[in-house]
Amino acid sequence: MGHGLRTRLSLMPNDFETLETLGGEDEVSLLEILDHVLNSGVVIHGSLVISLAGVDLVYLGLNVVLTSVETALNNLQIEEKRRQK
Amino acid sequence: MANSNRKIAATGALYLYGISEAPAAGKKPAAGLGKLGSVGIDGVHAVQPLPCGDFLCWVCEVDQASFANAVERNMENLEWLALHGVRHQQVVGEVAEQMTIVPARFGTVFSGEPALLKDVQGRKAALKKVFARVAGGDEWGVKVFAERQATPISVTEARSGKEYLQQKAARLKKRPERNDRELQELAMALGRIATGSAPSGKVSGAQPNLLWQATFLVPRAKRKQWDQALKNFVERWEGQRRIEVNGPWPPYSFVSDAE
């Protein structure tokens, strides 16, 4: 499994019987991408841990933007394929 | 890369994705890189490897006014952060498939080629140490969730957005025990296989029922042991706790001492 095929797996005992190693099923989520990308270094801004009424706003906020970002990425991929033709 | 020989305009600001080691003299870079970086960080410019002594810097030209000067402000814009974070990962991930890459901090922009080259060359010793540490390893994220019946929805309906958030916060607070002995055992079992570990979850830390999470640097040669250690806990915790694994990632969380 390469780096282009990141996976997120909820591990069940059967996963290990059907897959030689942790295989690919679920697409990794945007939250996980940002968890790792933003985990490098000290770039995080204070604003990222703003919370309102004790709720992590970023978590809520990212759920909200998830759809629009996925749409944007799909469009990017379509563009890319067109360019490759 | 269609235009890898193109000279970068000296005036252009450069977004840095990360740094890999230059191929040995006379050796061409891996063939598979041709498809890389059709989408630069700004969605316009191409990604290219910029030779820098012993290193290759993976960069993309960006506009000074619309991109470079706006990075700091945009870091607080979730939508921007999400889209560009994913673009960053696409390129760093593709390079990592071919060779070891030390990812740059997300959002690193240099005013131009001379500034970038000077900075990278000034970190030569630190970078070499980081390469030695992360080579042959992948970053993995591990999360443990409590398996529980969904918390009953609160009886009173929220009358305002604020009330809704307060109720949600109260539900989140009722999370089960964290950091108990069994979680520590998992951390230790994984830590014995990994060559490094780091806290994680800056962004997803508020997921409901999340008990514990951490990020590990796992040597590829030890994947079987890694999988086995996870399997042991999956079986032990069946029905009580759920383990989620994500990876492999480039070693984002294990390079900060090259800064």
# chains A, B, ... in the order shown; residues from 1 in each chain; ligands from 1
$ interface_residues --of "chain B" --to "chain A" --cutoff "8 Å" --atoms "only C-alpha atoms" --output "JSON, numbers by chain"
{"B": [38, 39, 75, 76, 78, 79, 82, 83, 85, 86, 88, 89, 90, 93, 94, 96, 97, 103, 104, 105, 106, 107, 162, 165, 166, 168, 169, 200, 201, 202, 203, 204, 205, 206, 207, 223, 224, 227, 231, 234, 235, 238, 242, 243, 244, 245, 246, 247, 248, 249, 250, 252, 253, 254, 255, 256, 259]}
$ select_by_dssp --residues "stretch 15-231 of chain B" --states "alpha helix (DSSP H)" --output "ChimeraX atom specification"
/B:71-74,78-98,113-122,124-134,161-173,181-193,223-231
$ atom_distance --atom1 "atom CA of B:Val62" --atom2 "atom CA of B:Leu116"
13.5 Å
$ atom_distance --atom1 "atom CA of B:Val102" --atom2 "atom CA of B:Val59"
12.9 Å
$ atom_distance --atom1 "atom CA of B:Val92" --atom2 "atom CA of B:Gly136"
15.5 Å
